[in-house]
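First comes the structure, then the notes that go with it.
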Amino acid sequence: MKRFATPVAIALLVIANLFVGTEAFAHRWGSWHWNRYGSSVTINMYNTASYRAEASGAINDWSSNTILYNPQIGSHTDVHVFDGNYGATGWAGLAQIMNYSGSHILHAHARINYYYSMSSGYKRGVFCQEIGHAFGLDHSNTGSCMGLGYWAGNGYYTNSHDWNDIYSMYRYTHH
């Protein structure tokens, strides 16, 4: 009985660690993240979008609901948020890591393609998703903007799942 109990206990610990270890980072965009940690993490935003209200709403959503502080400043900085008519590309939004060191993001772009007809709310949701990518999050089917366009029932705003993912990525140094 002892020989059986030990392997079962070890197997259960391995399975539990798989779930605990992956839950915190279940929706990370690869290994991308900013090399900044603490109870409040500043990532500056440069908003030049013509749909400024929608972009600002998305930026403020991340800033007011997470440990991220995202001041909108008037120069090209950490994350550049913008839009344009890029034609029939097949994408409504695009996030790009423009400069990096290893897996640390140094500069990112978050933009929407207004070639495609979108409501104001949808534009806000696309900005929200692309900004989330610029912070290192991937798509998720949790009802937030991070699943917009991929799963039915996902919205234009962040939610507690996104907030928890950000907290687990940036609260403590462990990367």
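The way I read the labels, and the way they are meant: chains A, B, ... in the order of the structure tokens, residue 1 as the first residue of every chain, and ligand 1 as the first ligand shown, with later ones counted on from there.
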
message = Excluding Thr66 (chain A) and its own-chain neighbours fewer than 6 positions away, which residues fall within 7 Å of it when counting only C-alpha atoms? Please give them as a PyMOL selection string.
response = chain A and resi 163+166-167

Selected residues, C-alpha atoms, written as a compact mmCIF listing (two decimals), in the first residue's frame, please.
# COMPACT_ATOMS: atom_id res chain seq x y z
CA TRP A 163 -6.85 41.95 -14.04
CA ILE A 166 -1.83 41.32 -15.15
CA TYR A 167 -1.40 41.07 -11.39

key: From A:Tyr157, A:Tyr37, A:Trp62, A:Phe135, residue lying nearest Ala95 (chain A) [only C-alpha atoms]   = A:Phe135

Assign secondary structure with DSSP using the backbone only, and return the residues of chain A in alpha helix (DSSP H) as a PDB file with N, CA and C atoms, in the first residue's frame.
ATOM      1  N   LYS A   2       1.985   1.238   0.754  1.00  0.00           N
ATOM      2  CA  LYS A   2       2.873   2.390   0.802  1.00  0.00           C
ATOM      3  C   LYS A   2       3.457   2.682  -0.580  1.00  0.00           C
ATOM      4  N   ARG A   3       3.857   1.617  -1.306  1.00  0.00           N
ATOM      5  CA  ARG A   3       4.452   1.811  -2.626  1.00  0.00           C
ATOM      6  C   ARG A   3       3.445   2.434  -3.593  1.00  0.00           C
ATOM      7  N   PHE A   4       2.184   2.160  -3.414  1.00  0.00           N
ATOM      8  CA  PHE A   4       1.146   2.732  -4.274  1.00  0.00           C
ATOM      9  C   PHE A   4       0.825   4.174  -3.880  1.00  0.00           C
ATOM     10  N   ALA A   5       0.785   4.450  -2.598  1.00  0.00           N
ATOM     11  CA  ALA A   5       0.396   5.776  -2.102  1.00  0.00           C
ATOM     12  C   ALA A   5       1.402   6.846  -2.499  1.00  0.00           C
ATOM     13  N   THR A   6       2.689   6.556  -2.433  1.00  0.00           N
ATOM     14  CA  THR A   6       3.705   7.558  -2.752  1.00  0.00           C
ATOM     15  C   THR A   6       3.628   8.005  -4.216  1.00  0.00           C
ATOM     16  N   PRO A   7       3.600   7.083  -5.192  1.00  0.00           N
ATOM     17  CA  PRO A   7       3.481   7.541  -6.591  1.00  0.00           C
ATOM     18  C   PRO A   7       2.178   8.297  -6.862  1.00  0.00           C
ATOM     19  N   VAL A   8       1.094   7.887  -6.227  1.00  0.00           N
ATOM     20  CA  VAL A   8      -0.176   8.588  -6.419  1.00  0.00           C
ATOM     21  C   VAL A   8      -0.084   9.993  -5.848  1.00  0.00           C
ATOM     22  N   ALA A   9       0.502  10.135  -4.664  1.00  0.00           N
ATOM     23  CA  ALA A   9       0.653  11.465  -4.056  1.00  0.00           C
ATOM     24  C   ALA A   9       1.531  12.356  -4.926  1.00  0.00           C
ATOM     25  N   ILE A  10       2.616  11.807  -5.440  1.00  0.00           N
ATOM     26  CA  ILE A  10       3.495  12.580  -6.319  1.00  0.00           C
ATOM     27  C   ILE A  10       2.756  12.977  -7.591  1.00  0.00           C
ATOM     28  N   ALA A  11       2.020  12.056  -8.178  1.00  0.00           N
ATOM     29  CA  ALA A  11       1.256  12.357  -9.392  1.00  0.00           C
ATOM     30  C   ALA A  11       0.231  13.457  -9.142  1.00  0.00           C
ATOM     31  N   LEU A  12      -0.448  13.407  -7.993  1.00  0.00           N
ATOM     32  CA  LEU A  12      -1.428  14.442  -7.670  1.00  0.00           C
ATOM     33  C   LEU A  12      -0.751  15.796  -7.479  1.00  0.00           C
ATOM     34  N   LEU A  13       0.423  15.820  -6.856  1.00  0.00           N
ATOM     35  CA  LEU A  13       1.160  17.077  -6.699  1.00  0.00           C
ATOM     36  C   LEU A  13       1.590  17.633  -8.053  1.00  0.00           C
ATOM     37  N   VAL A  14       2.039  16.769  -8.938  1.00  0.00           N
ATOM     38  CA  VAL A  14       2.441  17.210 -10.283  1.00  0.00           C
ATOM     39  C   VAL A  14       1.240  17.786 -11.017  1.00  0.00           C
ATOM     40  N   ILE A  15       0.114  17.103 -10.956  1.00  0.00           N
ATOM     41  CA  ILE A  15      -1.097  17.594 -11.622  1.00  0.00           C
ATOM     42  C   ILE A  15      -1.537  18.918 -11.008  1.00  0.00           C
ATOM     43  N   ALA A  16      -1.524  19.019  -9.680  1.00  0.00           N
ATOM     44  CA  ALA A  16      -1.915  20.275  -9.016  1.00  0.00           C
ATOM     45  C   ALA A  16      -0.976  21.399  -9.421  1.00  0.00           C
ATOM     46  N   ASN A  17       0.333  21.134  -9.479  1.00  0.00           N
ATOM     47  CA  ASN A  17       1.285  22.159  -9.881  1.00  0.00           C
ATOM     48  C   ASN A  17       1.085  22.580 -11.326  1.00  0.00           C
ATOM     49  N   LEU A  18       0.686  21.653 -12.165  1.00  0.00           N
ATOM     50  CA  LEU A  18       0.401  22.024 -13.553  1.00  0.00           C
ATOM     51  C   LEU A  18      -0.716  23.051 -13.611  1.00  0.00           C
ATOM     52  N   PHE A  19      -1.784  22.809 -12.842  1.00  0.00           N
ATOM     53  CA  PHE A  19      -2.907  23.738 -12.866  1.00  0.00           C
ATOM     54  C   PHE A  19      -2.579  25.045 -12.166  1.00  0.00           C
ATOM     55  N   VAL A  20      -1.918  24.994 -11.020  1.00  0.00           N
ATOM     56  CA  VAL A  20      -1.567  26.206 -10.294  1.00  0.00           C
ATOM     57  C   VAL A  20      -0.543  27.001 -11.081  1.00  0.00           C
ATOM     58  N   GLY A  21       0.453  26.325 -11.616  1.00  0.00           N
ATOM     59  CA  GLY A  21       1.510  27.008 -12.340  1.00  0.00           C
ATOM     60  C   GLY A  21       1.045  27.629 -13.647  1.00  0.00           C
ATOM     61  N   THR A  22       0.090  27.017 -14.315  1.00  0.00           N
ATOM     62  CA  THR A  22      -0.352  27.553 -15.597  1.00  0.00           C
ATOM     63  C   THR A  22      -1.512  28.513 -15.452  1.00  0.00           C
ATOM     64  N   GLU A  23      -2.263  28.431 -14.377  1.00  0.00           N
ATOM     65  CA  GLU A  23      -3.423  29.307 -14.221  1.00  0.00           C
ATOM     66  C   GLU A  23      -3.022  30.781 -14.210  1.00  0.00           C
ATOM     67  N   ARG A  52      -9.761  58.795 -30.888  1.00  0.00           N
ATOM     68  CA  ARG A  52      -9.080  59.058 -29.615  1.00  0.00           C
ATOM     69  C   ARG A  52      -9.912  58.647 -28.401  1.00  0.00           C
ATOM     70  N   ALA A  53     -11.201  58.924 -28.432  1.00  0.00           N
ATOM     71  CA  ALA A  53     -12.052  58.585 -27.284  1.00  0.00           C
ATOM     72  C   ALA A  53     -12.078  57.071 -27.054  1.00  0.00           C
ATOM     73  N   GLU A  54     -12.179  56.302 -28.127  1.00  0.00           N
ATOM     74  CA  GLU A  54     -12.211  54.845 -28.006  1.00  0.00           C
ATOM     75  C   GLU A  54     -10.871  54.321 -27.489  1.00  0.00           C
ATOM     76  N   ALA A  55      -9.771  54.869 -28.017  1.00  0.00           N
ATOM     77  CA  ALA A  55      -8.442  54.455 -27.565  1.00  0.00           C
ATOM     78  C   ALA A  55      -8.224  54.850 -26.108  1.00  0.00           C
ATOM     79  N   SER A  56      -8.585  56.079 -25.748  1.00  0.00           N
ATOM     80  CA  SER A  56      -8.430  56.539 -24.358  1.00  0.00           C
ATOM     81  C   SER A  56      -9.276  55.714 -23.404  1.00  0.00           C
ATOM     82  N   GLY A  57     -10.483  55.369 -23.816  1.00  0.00           N
ATOM     83  CA  GLY A  57     -11.341  54.534 -22.974  1.00  0.00           C
ATOM     84  C   GLY A  57     -10.702  53.189 -22.690  1.00  0.00           C
ATOM     85  N   ALA A  58     -10.085  52.594 -23.703  1.00  0.00           N
ATOM     86  CA  ALA A  58      -9.422  51.299 -23.521  1.00  0.00           C
ATOM     87  C   ALA A  58      -8.192  51.440 -22.620  1.00  0.00           C
ATOM     88  N   ILE A  59      -7.403  52.484 -22.842  1.00  0.00           N
ATOM     89  CA  ILE A  59      -6.219  52.724 -22.011  1.00  0.00           C
ATOM     90  C   ILE A  59      -6.642  52.911 -20.550  1.00  0.00           C
ATOM     91  N   ASN A  60      -7.659  53.731 -20.330  1.00  0.00           N
ATOM     92  CA  ASN A  60      -8.126  54.006 -18.964  1.00  0.00           C
ATOM     93  C   ASN A  60      -8.708  52.769 -18.295  1.00  0.00           C
ATOM     94  N   ASP A  61      -9.326  51.885 -19.075  1.00  0.00           N
ATOM     95  CA  ASP A  61      -9.862  50.635 -18.541  1.00  0.00           C
ATOM     96  C   ASP A  61      -8.727  49.809 -17.927  1.00  0.00           C
ATOM     97  N   TRP A  62      -7.638  49.623 -18.676  1.00  0.00           N
ATOM     98  CA  TRP A  62      -6.496  48.870 -18.155  1.00  0.00           C
ATOM     99  C   TRP A  62      -5.892  49.571 -16.940  1.00  0.00           C
ATOM    100  N   SER A  63      -5.761  50.881 -17.015  1.00  0.00           N
ATOM    101  CA  SER A  63      -5.109  51.640 -15.948  1.00  0.00           C
ATOM    102  C   SER A  63      -5.928  51.669 -14.658  1.00  0.00           C
ATOM    103  N   SER A  64      -7.234  51.774 -14.759  1.00  0.00           N
ATOM    104  CA  SER A  64      -8.055  51.907 -13.553  1.00  0.00           C
ATOM    105  C   SER A  64      -8.427  50.569 -12.920  1.00  0.00           C
ATOM    106  N   ASN A  65      -8.230  49.457 -13.632  1.00  0.00           N
ATOM    107  CA  ASN A  65      -8.639  48.155 -13.103  1.00  0.00           C
ATOM    108  C   ASN A  65      -7.493  47.202 -12.805  1.00  0.00           C
ATOM    109  N   SER A 120     -18.482  52.248 -32.605  1.00  0.00           N
ATOM    110  CA  SER A 120     -17.606  52.890 -31.637  1.00  0.00           C
ATOM    111  C   SER A 120     -17.215  51.898 -30.530  1.00  0.00           C
ATOM    112  N   GLY A 121     -18.181  51.136 -30.056  1.00  0.00           N
ATOM    113  CA  GLY A 121     -17.908  50.150 -29.008  1.00  0.00           C
ATOM    114  C   GLY A 121     -16.941  49.075 -29.476  1.00  0.00           C
ATOM    115  N   TYR A 122     -17.113  48.616 -30.696  1.00  0.00           N
ATOM    116  CA  TYR A 122     -16.220  47.583 -31.224  1.00  0.00           C
ATOM    117  C   TYR A 122     -14.802  48.124 -31.370  1.00  0.00           C
ATOM    118  N   LYS A 123     -14.674  49.375 -31.844  1.00  0.00           N
ATOM    119  CA  LYS A 123     -13.343  49.995 -31.948  1.00  0.00           C
ATOM    120  C   LYS A 123     -12.678  50.029 -30.571  1.00  0.00           C
ATOM    121  N   ARG A 124     -13.433  50.411 -29.554  1.00  0.00           N
ATOM    122  CA  ARG A 124     -12.909  50.453 -28.197  1.00  0.00           C
ATOM    123  C   ARG A 124     -12.439  49.072 -27.772  1.00  0.00           C
ATOM    124  N   GLY A 125     -13.228  48.059 -28.089  1.00  0.00           N
ATOM    125  CA  GLY A 125     -12.868  46.683 -27.751  1.00  0.00           C
ATOM    126  C   GLY A 125     -11.609  46.211 -28.459  1.00  0.00           C
ATOM    127  N   VAL A 126     -11.460  46.591 -29.721  1.00  0.00           N
ATOM    128  CA  VAL A 126     -10.251  46.210 -30.465  1.00  0.00           C
ATOM    129  C   VAL A 126      -9.034  46.920 -29.873  1.00  0.00           C
ATOM    130  N   PHE A 127      -9.168  48.204 -29.573  1.00  0.00           N
ATOM    131  CA  PHE A 127      -8.065  48.908 -28.897  1.00  0.00           C
ATOM    132  C   PHE A 127      -7.728  48.204 -27.584  1.00  0.00           C
ATOM    133  N   CYS A 128      -8.737  47.853 -26.817  1.00  0.00           N
ATOM    134  CA  CYS A 128      -8.549  47.178 -25.535  1.00  0.00           C
ATOM    135  C   CYS A 128      -7.738  45.891 -25.725  1.00  0.00           C
ATOM    136  N   GLN A 129      -8.106  45.103 -26.723  1.00  0.00           N
ATOM    137  CA  GLN A 129      -7.411  43.838 -26.977  1.00  0.00           C
ATOM    138  C   GLN A 129      -5.965  44.063 -27.404  1.00  0.00           C
ATOM    139  N   GLU A 130      -5.738  44.987 -28.327  1.00  0.00           N
ATOM    140  CA  GLU A 130      -4.379  45.218 -28.821  1.00  0.00           C
ATOM    141  C   GLU A 130      -3.480  45.792 -27.728  1.00  0.00           C
ATOM    142  N   ILE A 131      -4.031  46.633 -26.865  1.00  0.00           N
ATOM    143  CA  ILE A 131      -3.270  47.145 -25.727  1.00  0.00           C
ATOM    144  C   ILE A 131      -2.951  45.995 -24.769  1.00  0.00           C
ATOM    145  N   GLY A 132      -3.905  45.106 -24.549  1.00  0.00           N
ATOM    146  CA  GLY A 132      -3.653  43.926 -23.720  1.00  0.00           C
ATOM    147  C   GLY A 132      -2.500  43.089 -24.267  1.00  0.00           C
ATOM    148  N   HIS A 133      -2.446  42.932 -25.586  1.00  0.00           N
ATOM    149  CA  HIS A 133      -1.318  42.219 -26.194  1.00  0.00           C
ATOM    150  C   HIS A 133      -0.010  42.960 -25.917  1.00  0.00           C
ATOM    151  N   ALA A 134      -0.048  44.296 -26.013  1.00  0.00           N
ATOM    152  CA  ALA A 134       1.165  45.099 -25.767  1.00  0.00           C
ATOM    153  C   ALA A 134       1.648  44.960 -24.322  1.00  0.00           C
ATOM    154  N   SER A 160     -12.227  40.778 -14.595  1.00  0.00           N
ATOM    155  CA  SER A 160     -11.403  40.326 -13.470  1.00  0.00           C
ATOM    156  C   SER A 160     -10.375  39.280 -13.882  1.00  0.00           C
ATOM    157  N   HIS A 161     -10.671  38.492 -14.901  1.00  0.00           N
ATOM    158  CA  HIS A 161      -9.678  37.509 -15.350  1.00  0.00           C
ATOM    159  C   HIS A 161      -8.435  38.228 -15.902  1.00  0.00           C
ATOM    160  N   ASP A 162      -8.648  39.248 -16.713  1.00  0.00           N
ATOM    161  CA  ASP A 162      -7.527  40.032 -17.254  1.00  0.00           C
ATOM    162  C   ASP A 162      -6.756  40.702 -16.125  1.00  0.00           C
ATOM    163  N   TRP A 163      -7.477  41.257 -15.163  1.00  0.00           N
ATOM    164  CA  TRP A 163      -6.847  41.951 -14.038  1.00  0.00           C
ATOM    165  C   TRP A 163      -5.959  40.991 -13.257  1.00  0.00           C
ATOM    166  N   ASN A 164      -6.458  39.772 -13.038  1.00  0.00           N
ATOM    167  CA  ASN A 164      -5.673  38.766 -12.322  1.00  0.00           C
ATOM    168  C   ASN A 164      -4.444  38.341 -13.124  1.00  0.00           C
ATOM    169  N   ASP A 165      -4.598  38.204 -14.447  1.00  0.00           N
ATOM    170  CA  ASP A 165      -3.442  37.863 -15.287  1.00  0.00           C
ATOM    171  C   ASP A 165      -2.374  38.954 -15.199  1.00  0.00           C
ATOM    172  N   ILE A 166      -2.785  40.206 -15.265  1.00  0.00           N
ATOM    173  CA  ILE A 166      -1.832  41.324 -15.153  1.00  0.00           C
ATOM    174  C   ILE A 166      -1.166  41.305 -13.782  1.00  0.00           C
ATOM    175  N   TYR A 167      -1.954  41.117 -12.744  1.00  0.00           N
ATOM    176  CA  TYR A 167      -1.402  41.072 -11.388  1.00  0.00           C
ATOM    177  C   TYR A 167      -0.353  39.970 -11.282  1.00  0.00           C
ATOM    178  N   SER A 168      -0.666  38.783 -11.790  1.00  0.00           N
ATOM    179  CA  SER A 168       0.276  37.668 -11.668  1.00  0.00           C
ATOM    180  C   SER A 168       1.532  37.900 -12.515  1.00  0.00           C
ATOM    181  N   MET A 169       1.436  38.684 -13.563  1.00  0.00           N
ATOM    182  CA  MET A 169       2.602  38.959 -14.404  1.00  0.00           C
ATOM    183  C   MET A 169       3.501  40.046 -13.832  1.00  0.00           C
ATOM    184  N   TYR A 170       2.920  41.043 -13.182  1.00  0.00           N
ATOM    185  CA  TYR A 170       3.678  42.241 -12.838  1.00  0.00           C
ATOM    186  C   TYR A 170       3.828  42.543 -11.352  1.00  0.00           C
TER     187      TYR A 170
END

note = Computed gap from CA of Cys145 (chain A) to CA of Thr48 (chain A) is 20.8 Å

request  = Kindly indicate which residue among A:Asn154, A:Ser117, A:Thr77, A:Asn159 lies nearest to Met98 (chain A), using only C-alpha atoms for the distances.
outcome  = A:Thr77

What are the closest atom pairs, with distances in Å to one decimal, for all residues of region 91-167 of chain A lying within 7 Å of region 28-32 of chain A? Consider only C-alpha atoms, order rows by chain and residue number, and present the result as CSV.
residue,atom,partner,partner_atom,distance
A:Ser103,CA,A:Trp32,CA,5.0
A:His104,CA,A:Trp32,CA,5.9
A:Ile105,CA,A:Trp32,CA,6.3
A:His133,CA,A:Trp29,CA,6.8
A:Gly136,CA,A:Trp32,CA,5.0
A:Leu137,CA,A:Arg28,CA,4.4
A:Asp138,CA,A:Trp29,CA,4.3

key: DSSP strand (DSSP E or B) residues within region 26-164 of chain A, as an NGL selection string   = :A and (28 or 33 or 41-42 or 45-47 or 68-69 or 72 or 79-84 or 93-101 or 104-113 or 137)

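In this model, the gap between CA of Asp83 (chain A) and CA of Arg111 (chain A) comes to 4.9 Å.
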